[in-house]
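Pasted below: query37.cif, mmCIF, C-alpha atoms.
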data_input
loop_
_atom_site.label_atom_id
_atom_site.label_comp_id
_atom_site.auth_asym_id
_atom_site.auth_seq_id
_atom_site.Cartn_x
_atom_site.Cartn_y
_atom_site.Cartn_z
CA MET A 1 121.46 77.67 134.65
CA ASP A 2 124.26 80.22 134.66
CA ILE A 3 123.13 82.95 137.08
CA ARG A 4 125.65 85.77 137.19
CA HIS A 5 124.00 88.34 139.45
CA ALA A 6 121.09 88.87 141.82
CA THR A 7 118.64 91.58 142.78
CA VAL A 8 117.76 91.75 146.46
CA LEU A 9 114.46 93.44 147.33
CA TYR A 10 113.53 94.10 150.95
CA PHE A 11 110.97 96.01 153.02
CA SER A 12 112.55 96.61 156.40
CA PRO A 13 110.99 99.19 158.74
CA SER A 14 113.05 98.16 161.78
CA GLY A 15 116.22 97.00 160.00
CA THR A 16 116.15 93.27 160.78
CA THR A 17 114.69 92.24 157.42
CA GLU A 18 117.47 94.18 155.69
CA ARG A 19 120.11 92.39 157.78
CA THR A 20 118.51 89.07 156.90
CA ALA A 21 118.46 89.85 153.19
CA LYS A 22 122.09 90.96 153.11
CA ALA A 23 123.31 87.89 155.01
CA ILE A 24 121.58 85.52 152.56
CA ALA A 25 122.84 87.55 149.60
CA LYS A 26 126.40 87.38 150.93
CA GLY A 27 126.14 83.61 151.12
CA THR A 28 125.24 83.31 147.44
CA GLY A 29 128.54 84.91 146.46
CA LEU A 30 126.80 86.70 143.60
CA PRO A 31 127.16 90.38 142.70
CA CYS A 32 123.98 91.96 144.06
CA ASN A 33 121.83 94.99 143.41
CA PHE A 34 120.11 95.93 146.69
CA VAL A 35 116.74 97.70 146.60
CA ASP A 36 115.11 99.14 149.73
CA LEU A 37 111.39 99.05 148.90
CA LEU A 38 110.54 101.18 151.92
CA ALA A 39 112.61 104.00 150.40
CA GLN A 40 111.70 103.13 146.80
CA PRO A 41 108.04 101.99 146.82
CA ASP A 42 107.71 102.76 143.09
CA TYR A 43 110.76 100.72 142.10
CA THR A 44 110.11 99.26 138.65
CA ASP A 45 112.01 96.45 136.99
CA HIS A 46 111.69 93.53 134.61
CA PHE A 47 113.82 90.51 135.42
CA ALA A 48 115.40 88.17 132.89
CA PRO A 49 115.53 84.35 133.18
CA ASP A 50 119.23 84.43 134.12
CA GLU A 51 118.79 86.76 137.13
CA LEU A 52 118.20 85.58 140.68
CA VAL A 53 115.71 87.64 142.69
CA LEU A 54 115.68 87.47 146.49
CA VAL A 55 112.68 89.10 148.18
CA CYS A 56 112.55 89.58 151.96
CA MET A 57 109.45 90.84 153.76
CA PRO A 58 108.46 91.20 157.44
CA VAL A 59 105.44 89.47 158.97
CA PHE A 60 102.65 91.39 160.73
CA GLY A 61 99.99 89.24 162.38
CA GLY A 62 100.74 86.23 160.22
CA ARG A 63 100.45 88.21 156.98
CA LEU A 64 102.59 90.51 154.87
CA PRO A 65 102.20 94.18 155.85
CA SER A 66 99.23 95.71 154.02
CA ALA A 67 101.56 98.14 152.24
CA CYS A 68 103.61 95.34 150.65
CA PRO A 69 101.42 93.75 147.93
CA ALA A 70 101.27 97.05 146.03
CA LEU A 71 105.06 97.01 145.76
CA PHE A 72 104.86 94.06 143.39
CA GLN A 73 102.74 95.80 140.77
CA HIS A 74 105.87 97.45 139.34
CA LEU A 75 107.81 94.18 139.10
CA THR A 76 107.60 91.63 136.31
CA ALA A 77 109.71 88.62 135.45
CA GLU A 78 110.36 86.24 132.62
CA ASN A 79 110.52 82.94 134.53
CA SER A 80 113.24 84.37 136.77
CA PRO A 81 114.35 82.14 139.67
CA ALA A 82 113.21 83.65 142.97
CA VAL A 83 113.59 83.14 146.70
CA GLY A 84 110.87 84.40 149.04
CA VAL A 85 111.83 85.07 152.67
CA VAL A 86 109.56 86.21 155.48
CA VAL A 87 110.96 87.57 158.75
CA TYR A 88 108.91 87.24 161.93
CA GLY A 89 109.29 88.10 165.61
CA ASN A 90 109.30 84.64 167.19
CA ARG A 91 105.48 84.28 167.32
CA GLU A 92 104.18 82.67 164.11
CA TYR A 93 104.47 83.49 160.41
CA GLU A 94 101.23 81.67 159.54
CA ASP A 95 100.17 82.58 155.97
CA ALA A 96 102.78 85.23 155.17
CA GLY A 97 105.11 82.77 153.46
CA VAL A 98 102.58 81.40 150.98
CA GLU A 99 101.27 84.92 150.42
CA LEU A 100 104.74 86.04 149.34
CA LEU A 101 105.22 83.01 147.09
CA ASP A 102 101.84 83.69 145.46
CA LEU A 103 102.76 87.32 144.80
CA LEU A 104 106.04 86.28 143.19
CA SER A 105 104.38 83.66 141.00
CA ALA A 106 101.71 86.14 139.86
CA GLN A 107 104.42 88.47 138.53
CA GLY A 108 106.17 85.79 136.47
CA PHE A 109 108.81 84.65 138.95
CA ILE A 110 109.57 80.98 139.61
CA PRO A 111 110.00 80.58 143.39
CA PHE A 112 112.22 77.57 144.04
CA SER A 113 113.21 78.34 147.62
CA SER A 114 111.77 80.09 150.66
CA ALA A 115 112.45 80.70 154.32
CA ALA A 116 110.86 81.91 157.53
CA VAL A 117 113.49 83.71 159.58
CA VAL A 118 113.28 84.71 163.25
CA ALA A 119 114.29 88.26 164.19
CA GLN A 120 113.81 90.62 167.11
CA HIS A 121 110.17 91.60 167.45
CA SER A 122 109.68 95.19 166.30
CA LEU A 123 106.89 96.19 168.73
CA PHE A 124 108.06 94.14 171.72
CA PRO A 125 111.87 94.08 171.41
CA LYS A 126 112.42 91.87 174.46
CA VAL A 127 111.12 89.00 172.31
CA ALA A 128 113.96 87.44 170.27
CA ALA A 129 116.20 90.30 171.40
CA GLY A 130 119.36 90.68 169.34
CA ARG A 131 118.26 88.39 166.54
CA PRO A 132 119.38 87.72 163.95
CA SER A 133 122.35 86.80 166.14
CA GLN A 134 125.82 85.91 164.89
CA LYS A 135 124.69 82.29 164.84
CA ASP A 136 121.62 83.25 162.82
CA ILE A 137 123.75 85.24 160.37
CA ALA A 138 126.02 82.26 159.81
CA GLU A 139 122.96 80.08 159.18
CA LEU A 140 121.56 82.63 156.71
CA GLU A 141 124.86 82.77 154.83
CA GLN A 142 124.84 78.98 154.64
CA PHE A 143 121.30 79.17 153.23
CA GLY A 144 122.65 81.55 150.59
CA GLN A 145 125.32 79.00 149.70
CA GLN A 146 122.64 76.34 149.32
CA ILE A 147 120.68 78.65 147.02
CA GLN A 148 123.74 79.12 144.85
CA GLY A 149 124.25 75.36 144.69
CA LYS A 150 120.65 74.76 143.61
CA LEU A 151 120.85 77.32 140.80
CA SER A 152 123.06 75.05 138.71
CA THR A 153 120.13 72.66 138.26
CA PHE A 154 117.40 75.28 138.06
CA SER A 155 114.91 75.01 135.22
CA PRO A 156 111.64 76.99 135.05
CA HIS A 157 109.74 73.95 133.83
CA GLY A 158 107.91 71.63 136.20
CA ILE A 159 108.90 73.34 139.45
CA THR A 160 106.31 73.40 142.19
CA ALA A 161 106.33 76.00 144.95
CA PRO A 162 108.54 75.29 147.98
CA PRO A 163 106.60 73.30 150.62
CA MET A 164 106.12 76.23 152.97
CA PRO A 165 103.33 75.98 155.57
CA GLY A 166 100.37 78.29 155.18
CA ASN A 167 96.74 78.49 154.19
CA ARG A 168 94.71 79.84 151.31
CA PRO A 169 92.61 81.88 151.73
CA TYR A 170 94.96 83.80 153.98
CA ARG A 171 94.05 84.60 157.55
CA ASP A 172 92.30 87.88 158.28
CA PHE A 173 94.38 90.48 160.07
CA ALA A 174 92.83 93.81 161.03
CA GLY A 175 96.09 95.38 162.14
CA VAL A 176 97.75 96.21 165.46
CA PRO A 177 95.72 98.52 167.72
CA ILE A 178 98.90 99.96 169.28
CA LYS A 179 100.19 103.06 167.48
CA PRO A 180 103.38 105.10 167.94
CA ARG A 181 103.39 108.28 170.01
CA THR A 182 105.41 111.46 169.55
CA SER A 183 107.25 113.16 172.41
CA SER A 184 108.23 116.79 172.90
CA ALA A 185 111.64 115.93 171.43
CA CYS A 186 110.08 116.11 167.94
CA THR A 187 111.79 118.79 165.79
CA LYS A 188 109.27 118.53 162.93
CA CYS A 189 112.11 117.59 160.56
CA GLY A 190 109.73 115.53 158.40
CA VAL A 191 111.82 112.36 158.19
CA CYS A 192 108.92 110.29 159.51
CA VAL A 193 106.60 111.82 156.92
CA LYS A 194 108.86 110.68 154.09
CA ILE A 195 109.53 107.20 155.44
CA CYS A 196 105.98 106.22 156.44
CA PRO A 197 104.75 103.62 153.90
CA ALA A 198 101.10 104.22 154.81
CA ASP A 199 101.06 108.05 154.48
CA ALA A 200 99.84 108.15 158.07
CA ILE A 201 101.89 111.18 159.17
CA PRO A 202 100.77 114.57 157.79
CA ALA A 203 103.53 116.90 156.59
CA SER A 204 101.63 119.83 158.07
CA ASN A 205 101.91 118.35 161.56
CA PRO A 206 104.35 115.41 161.86
CA GLN A 207 103.72 115.18 165.59
CA ILE A 208 100.43 113.36 165.01
CA THR A 209 99.60 109.98 163.49
CA ASP A 210 96.51 109.03 161.52
CA GLU A 211 95.67 105.86 163.42
CA LYS A 212 93.29 104.64 160.72
CA LYS A 213 96.14 104.58 158.20
CA CYS A 214 99.02 103.58 160.47
CA ILE A 215 100.11 99.94 160.14
CA SER A 216 102.42 100.05 163.20
CA CYS A 217 105.39 99.05 161.09
CA THR A 218 107.90 100.95 163.31
CA ALA A 219 109.55 102.76 160.38
CA CYS A 220 108.96 106.14 161.99
CA VAL A 221 110.25 104.88 165.34
CA SER A 222 113.45 103.49 163.84
CA GLY A 223 113.97 106.40 161.48
CA CYS A 224 113.37 109.38 163.78
CA PRO A 225 116.75 111.14 164.23
CA ALA A 226 115.57 112.74 167.49
CA GLY A 227 114.21 109.52 169.00
CA ALA A 228 110.89 111.27 169.43
CA ARG A 229 108.64 108.42 168.30
CA SER A 230 107.94 105.34 170.37
CA PHE A 231 105.25 102.99 171.64
CA GLY A 232 103.92 103.49 175.14
CA GLY A 233 100.96 103.71 177.43
CA PHE A 234 99.08 101.25 179.61
CA LEU A 235 97.73 99.13 176.74
CA TYR A 236 101.21 98.76 175.25
CA LYS A 237 102.78 97.77 178.57
CA LEU A 238 100.01 95.29 179.35
CA ALA A 239 100.20 93.72 175.89
CA GLY A 240 103.99 93.61 176.09
CA VAL A 241 104.03 91.63 179.31
CA ALA A 242 101.55 89.07 177.99
CA PHE A 243 103.19 88.80 174.55
CA THR A 244 106.69 88.42 175.96
CA LYS A 245 105.61 85.71 178.38
CA LYS A 246 103.82 83.75 175.67
CA ASN A 247 106.56 84.01 173.05
CA SER A 248 109.76 83.85 175.07
CA LYS A 249 110.87 80.39 173.93
CA PRO A 250 113.33 80.86 171.02
CA LYS A 251 112.23 79.49 167.67
CA GLN A 252 114.47 78.47 164.82
CA SER A 253 114.42 79.69 161.24
CA GLU A 254 113.03 77.33 158.60
CA PHE A 255 114.33 76.81 155.06
CA TYR A 256 112.57 75.23 152.09
CA PHE A 257 113.55 74.10 148.58
CA SER A 258 111.47 72.71 145.76
CA ILE A 259 114.48 71.41 143.79
#

Show this structure as structure tokens.
Amino acid sequence: MDIRHATVLYFSPSGTTERTAKAIAKGTGLPCNFVDLLAQPDYTDHFAPDELVLVCMPVFGGRLPSACPALFQHLTAENSPAVGVVVYGNREYEDAGVELLDLLSAQGFIPFSSAAVVAQHSLFPKVAAGRPSQKDIAELEQFGQQIQGKLSTFSPHGITAPPMPGNRPYRDFAGVPIKPRTSSACTKCGVCVKICPADAIPASNPQITDEKKCISCTACVSGCPAGARSFGGFLYKLAGVAFTKKNSKPKQSEFYFSI
């Protein structure tokens, strides 16, 4: 099939999923339209059969973030070829990959490729620090080249989902109990209010966080221009030591094709 351009959709609170998406997109060599779903949660589009769609999502507790499935309700496709990529912090991606493939299929996409990519952990940044590294980026660009090569033989008929590990029903994940704190450096500029995908920061008082709504995605931490938001406290430090020790061995990204 003659694919002339691609749309790249990503949800990237800490920035590593965006870097992953752009490296893969570069490798395809196709003209790309980039859509930041964190900034544009209501993005609406219908994709034609001759358009490649690359979707990159982070992994939280072996699942997609709870705010992500709703992003797909505004997207429809007409048997468009799709690639589903999940980005995880060197622990496990568990059911997030098949969850993403299922969401794509439900909206009319034909997923023919997928990947699980290792990146620096957002809550415990000592784990997989600096990833995706230059070596990772080169590998992701090569994956993009492989995607481009597979498109020439793509047909929407008879394609099964890429053989990505995962279970259905998906694992239960109740969320991370650790929530970001706000320091006295907060200027009440409201950036965190606008960027929070869970509406967990009230505009009337951006120094607080609704812990029942917060999904600990780190968007407010990464986006705060004053550096006033962070994770801390005894529970965080204790969990960080244990998590880092258990997940210090570097893992490698995995790539899958169904054609």

Around the point (112.8, 91.1, 152.2), in the coordinates given by the file, pick out the residues reaching within 9 Å, counting all atoms listed in the file, and return them as an mmCIF file with C-alpha atoms, in the frame of the given file.
data_model
loop_
_atom_site.group_PDB
_atom_site.id
_atom_site.type_symbol
_atom_site.label_atom_id
_atom_site.label_comp_id
_atom_site.auth_asym_id
_atom_site.auth_seq_id
_atom_site.Cartn_x
_atom_site.Cartn_y
_atom_site.Cartn_z
ATOM 1 C CA VAL A 8 117.760 91.750 146.460
ATOM 2 C CA LEU A 9 114.460 93.440 147.330
ATOM 3 C CA TYR A 10 113.530 94.100 150.950
ATOM 4 C CA PHE A 11 110.970 96.010 153.020
ATOM 5 C CA SER A 12 112.550 96.610 156.400
ATOM 6 C CA THR A 17 114.690 92.240 157.420
ATOM 7 C CA GLU A 18 117.470 94.180 155.690
ATOM 8 C CA THR A 20 118.510 89.070 156.900
ATOM 9 C CA ALA A 21 118.460 89.850 153.190
ATOM 10 C CA ASP A 36 115.110 99.140 149.730
ATOM 11 C CA LEU A 37 111.390 99.050 148.900
ATOM 12 C CA LEU A 54 115.680 87.470 146.490
ATOM 13 C CA VAL A 55 112.680 89.100 148.180
ATOM 14 C CA CYS A 56 112.550 89.580 151.960
ATOM 15 C CA MET A 57 109.450 90.840 153.760
ATOM 16 C CA PRO A 58 108.460 91.200 157.440
ATOM 17 C CA GLY A 84 110.870 84.400 149.040
ATOM 18 C CA VAL A 85 111.830 85.070 152.670
ATOM 19 C CA VAL A 86 109.560 86.210 155.480
ATOM 20 C CA VAL A 87 110.960 87.570 158.750
#

Exercise. Apply the PyMOL selection byres ((chain A and resi 132-143) around 7) to the displayed file and report the matching residues as a list of chain:residue names.
Key: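 In the shown coordinates, the PyMOL selection byres ((chain A and resi 132-143) around 7) covers A:Ala23, A:Ile24, A:Lys26, A:Gly27, A:Val118, A:Ala119, A:Gly130, A:Arg131, A:Gly144, A:Gln145, A:Gln146, A:Ile147.
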
Practice problem: Go through A:Arg181, A:Arg19, A:His74, A:Lys246 one by one, measure the shortest atom-to-atom distance of each to A:Gln120 using all atoms listed in the file, and give the residue with the smallest value. | Solution: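 Among the listed residues, A:Arg19 lies closest to A:Gln120.
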
Self-check item: Who sits within 12 Å of A:Glu92, only C-alpha atoms, same chain under 5 positions skipped, as a PyMOL selection string
Solution: chain A and resi 58-63+86-87+97+116-119+121+165-166+246-247+250-254

Dump of C-alpha atoms for the selected residues, as a compact mmCIF listing (two decimals), keeping the file's coordinate frame:
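That gives us out_19.txt:
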# COMPACT_ATOMS: atom_id res chain seq x y z
CA PRO A 58 108.46 91.20 157.44
CA VAL A 59 105.44 89.47 158.97
CA PHE A 60 102.65 91.39 160.73
CA GLY A 61 99.99 89.24 162.38
CA GLY A 62 100.74 86.23 160.22
CA ARG A 63 100.45 88.21 156.98
CA VAL A 86 109.56 86.21 155.48
CA VAL A 87 110.96 87.57 158.75
CA GLY A 97 105.11 82.77 153.46
CA ALA A 116 110.86 81.91 157.53
CA VAL A 117 113.49 83.71 159.58
CA VAL A 118 113.28 84.71 163.25
CA ALA A 119 114.29 88.26 164.19
CA HIS A 121 110.17 91.60 167.45
CA PRO A 165 103.33 75.98 155.57
CA GLY A 166 100.37 78.29 155.18
CA LYS A 246 103.82 83.75 175.67
CA ASN A 247 106.56 84.01 173.05
CA PRO A 250 113.33 80.86 171.02
CA LYS A 251 112.23 79.49 167.67
CA GLN A 252 114.47 78.47 164.82
CA SER A 253 114.42 79.69 161.24
CA GLU A 254 113.03 77.33 158.60

Quiz prompt | Selection result of the PyMOL selection byres ((chain A and resi 198) around 9) on this file, as a list in words | solution =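 Against this file, the PyMOL selection byres ((chain A and resi 198) around 9) returns the residues Ser66, Ala67, Ile195, Cys196, Pro197, Asp199, Ala200, Ile201, Lys213, Cys214 and Ile215 of chain A.
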
Quiz item: Pick from A:Ser248, A:Ser80, A:Gln73, A:Thr28: nearest to A:Leu103, with all atoms listed in the file counted?
Solution: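 Selected residue with least distance to A:Leu103: A:Gln73.
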
Practice problem: Just the residues within 9 Å of A:Ala161, please, counting all atoms listed in the file, with nothing from its chain fewer than 4 positions along; format it as a ChimeraX atom specification. | Solution: /A:98,101-102,105,110-114,257-258

Self-check item: Of the listed residues A:Gly29, A:Leu64, A:Phe72, A:Gly175, that which approaches A:Asp42 most closely, counting all atoms listed in the file
Solution: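 Selected residue with least distance to A:Asp42: A:Phe72.
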
Quiz item: Of the candidates A:Thr7, A:Ser230, A:Gln107, A:Thr16, which one gets nearest to A:Gly89 if we count only C-alpha atoms?
Solution: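 Answer, going by the shortest atom-to-atom distance: A:Thr16.
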